[in-house]
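Text of final11.pdb (PDB, C-alpha atoms, pLDDT in the B column) as supplied:
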MODEL        1
ATOM      1  CA  MET I   1       5.238  -6.838 -11.532  1.00 72.00           C
ATOM      2  CA  VAL I   2       3.707  -3.420 -10.950  1.00 82.00           C
ATOM      3  CA  LYS I   3       5.906  -0.779  -9.333  1.00 90.00           C
ATOM      4  CA  TYR I   4       3.801   1.525  -7.190  1.00 94.00           C
ATOM      5  CA  THR I   5       4.877   5.135  -6.709  1.00 94.00           C
ATOM      6  CA  THR I   6       5.712   6.549  -3.305  1.00 93.00           C
ATOM      7  CA  GLU I   7       2.429   8.487  -3.408  1.00 95.00           C
ATOM      8  CA  GLN I   8       0.478   5.289  -4.086  1.00 96.00           C
ATOM      9  CA  ARG I   9       2.272   3.407  -1.303  1.00 95.00           C
ATOM     10  CA  ILE I  10       1.580   6.166   1.212  1.00 95.00           C
ATOM     11  CA  PHE I  11      -2.059   6.228   0.119  1.00 96.00           C
ATOM     12  CA  LEU I  12      -2.338   2.456   0.608  1.00 96.00           C
ATOM     13  CA  VAL I  13      -0.858   2.498   4.120  1.00 95.00           C
ATOM     14  CA  GLU I  14      -2.888   5.513   5.262  1.00 94.00           C
ATOM     15  CA  THR I  15      -6.134   4.180   3.818  1.00 94.00           C
ATOM     16  CA  TYR I  16      -5.554   0.685   5.190  1.00 94.00           C
ATOM     17  CA  LEU I  17      -5.021   2.180   8.650  1.00 92.00           C
ATOM     18  CA  LEU I  18      -7.986   4.586   8.458  1.00 92.00           C
ATOM     19  CA  LYS I  19     -10.339   1.933   7.095  1.00 85.00           C
ATOM     20  CA  LYS I  20      -9.620  -0.349  10.055  1.00 91.00           C
ATOM     21  CA  ARG I  21      -7.368  -2.648   8.054  1.00 88.00           C
ATOM     22  CA  SER I  22     -10.020  -3.525   5.518  1.00 92.00           C
ATOM     23  CA  TYR I  23      -8.557  -4.700   2.213  1.00 94.00           C
ATOM     24  CA  ASP I  24     -11.868  -4.256   0.366  1.00 94.00           C
ATOM     25  CA  ARG I  25     -12.350  -0.667   1.522  1.00 94.00           C
ATOM     26  CA  THR I  26      -8.727   0.169   0.758  1.00 95.00           C
ATOM     27  CA  ILE I  27      -9.031  -1.199  -2.790  1.00 95.00           C
ATOM     28  CA  ARG I  28     -12.243   0.748  -3.434  1.00 95.00           C
ATOM     29  CA  LYS I  29     -10.562   3.997  -2.407  1.00 96.00           C
ATOM     30  CA  PHE I  30      -7.425   3.145  -4.416  1.00 96.00           C
ATOM     31  CA  ARG I  31      -9.504   2.437  -7.517  1.00 96.00           C
ATOM     32  CA  LEU I  32     -11.195   5.855  -7.226  1.00 97.00           C
ATOM     33  CA  ARG I  33      -7.938   7.719  -6.603  1.00 97.00           C
ATOM     34  CA  PHE I  34      -5.812   5.891  -9.194  1.00 97.00           C
ATOM     35  CA  PRO I  35      -8.050   4.669 -12.030  1.00 96.00           C
ATOM     36  CA  GLY I  36      -6.361   2.401 -14.551  1.00 93.00           C
ATOM     37  CA  ILE I  37      -3.643   1.209 -12.155  1.00 94.00           C
ATOM     38  CA  THR I  38      -3.452  -2.518 -11.409  1.00 94.00           C
ATOM     39  CA  MET I  39      -4.893  -3.275  -7.991  1.00 94.00           C
ATOM     40  CA  PRO I  40      -2.376  -4.402  -5.382  1.00 95.00           C
ATOM     41  CA  SER I  41      -2.902  -7.784  -3.795  1.00 95.00           C
ATOM     42  CA  ARG I  42      -4.011  -8.287  -0.201  1.00 95.00           C
ATOM     43  CA  GLN I  43      -0.553  -9.712   0.532  1.00 95.00           C
ATOM     44  CA  TYR I  44       1.204  -6.635  -0.907  1.00 94.00           C
ATOM     45  CA  ILE I  45      -0.872  -4.256   1.217  1.00 95.00           C
ATOM     46  CA  THR I  46      -0.358  -6.207   4.435  1.00 94.00           C
ATOM     47  CA  GLN I  47       3.395  -6.535   3.778  1.00 94.00           C
ATOM     48  CA  LEU I  48       3.652  -2.804   3.033  1.00 94.00           C
ATOM     49  CA  PHE I  49       1.722  -1.984   6.214  1.00 93.00           C
ATOM     50  CA  THR I  50       3.927  -4.331   8.258  1.00 93.00           C
ATOM     51  CA  LYS I  51       7.077  -2.765   6.773  1.00 93.00           C
ATOM     52  CA  TRP I  52       5.798   0.690   7.718  1.00 93.00           C
ATOM     53  CA  ARG I  53       4.990  -0.384  11.290  1.00 92.00           C
ATOM     54  CA  GLU I  54       8.381  -2.050  11.782  1.00 91.00           C
ATOM     55  CA  THR I  55      10.642   0.486  10.051  1.00 90.00           C
ATOM     56  CA  GLY I  56       8.611   3.679   9.777  1.00 91.00           C
ATOM     57  CA  SER I  57       9.209   3.680   6.019  1.00 90.00           C
ATOM     58  CA  ILE I  58       7.407   2.456   2.914  1.00 88.00           C
ATOM     59  CA  LEU I  59      10.498   2.689   0.739  1.00 84.00           C
ATOM     60  CA  ASN I  60      12.537  -0.293  -0.381  1.00 78.00           C
ATOM     61  CA  LYS I  61      16.068  -0.707   0.919  1.00 74.00           C
ATOM     62  CA  LYS I  62      18.873   0.112  -1.469  1.00 71.00           C
ATOM     63  CA  ARG I  63      20.683  -2.981  -2.615  1.00 67.00           C
ATOM     64  CA  ASN I  64      24.468  -3.237  -2.382  1.00 72.00           C
ATOM     65  CA  LEU I  65      25.823  -4.688  -5.584  1.00 67.00           C
TER      66      LEU I  65
ENDMDL
END

Would you kindly transcribe this structure into structure tokens?
Amino acid sequence: MVKYTTEQRIFLVETYLLKKRSYDRTIRKFRLRFPGITMPSRQYITQLFTKWRETGSILNKKRNL
């Protein structure tokens, strides 16, 4: 599983919002900005966007062990 950086996550959410929630347009921009990085799935982008809308954050919660 690919771990995306905070910068990449922010880029995905911002681009997805600016490109009118178009997965294809978001991926094209991501590919240009981050060549060589595995492309995130449609599901990952929509879940990340939903998390941002609901919590205001793109970061994962810390787990209590």

Picked residues, the PyMOL selection byres ((chain I and resi 5) around 12), expected as a list in words
Val2, Lys3, Tyr4, Thr6, Glu7, Gln8, Arg9, Ile10, Phe11, Leu12, Phe34, Ile37, Ile58, Leu59 and Asn60 of chain I

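If you look at CA of Thr50 in chain I and CA of Arg28 in chain I, they are 20.6 Å away from each other.
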
Using the file's own x, y and z axes, what box holds all listed atoms of range 9-25 of chain I with 5 Å on each side, keeping edges along x, y and z, and what are its centre and edge lengths in Å to one decimal, as JSON?
{"center_x": -5.0, "center_y": 0.8, "center_z": 4.4, "size_x": 24.6, "size_y": 20.9, "size_z": 21.4}

Students should find that CA of Met1 in chain I and CA of Pro40 in chain I are spaced 10.1 Å

What lies within 10 Å of Asp24 in chain I using all atoms listed in the file, ignoring chain neighbours under 6 positions off, as a list in words?
Tyr16, Phe30 and Arg42 of chain I

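One distance worth recording is that between CA of Leu17 in chain I and CA of Leu48 in chain I, which is 11.5 Å.
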
Met39 in chain I environment, 9 Å, only C-alpha atoms, sequence neighbours closer than 3 positions dropped, as an MDAnalysis selection string:
chainID I and resid 27 30:31 36

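Take the candidates I:Thr26, I:Asn64, I:Lys19, I:Arg33 and check each one against Ile45 in chain I using all atoms listed in the file; the shortest distance goes to I:Thr26.
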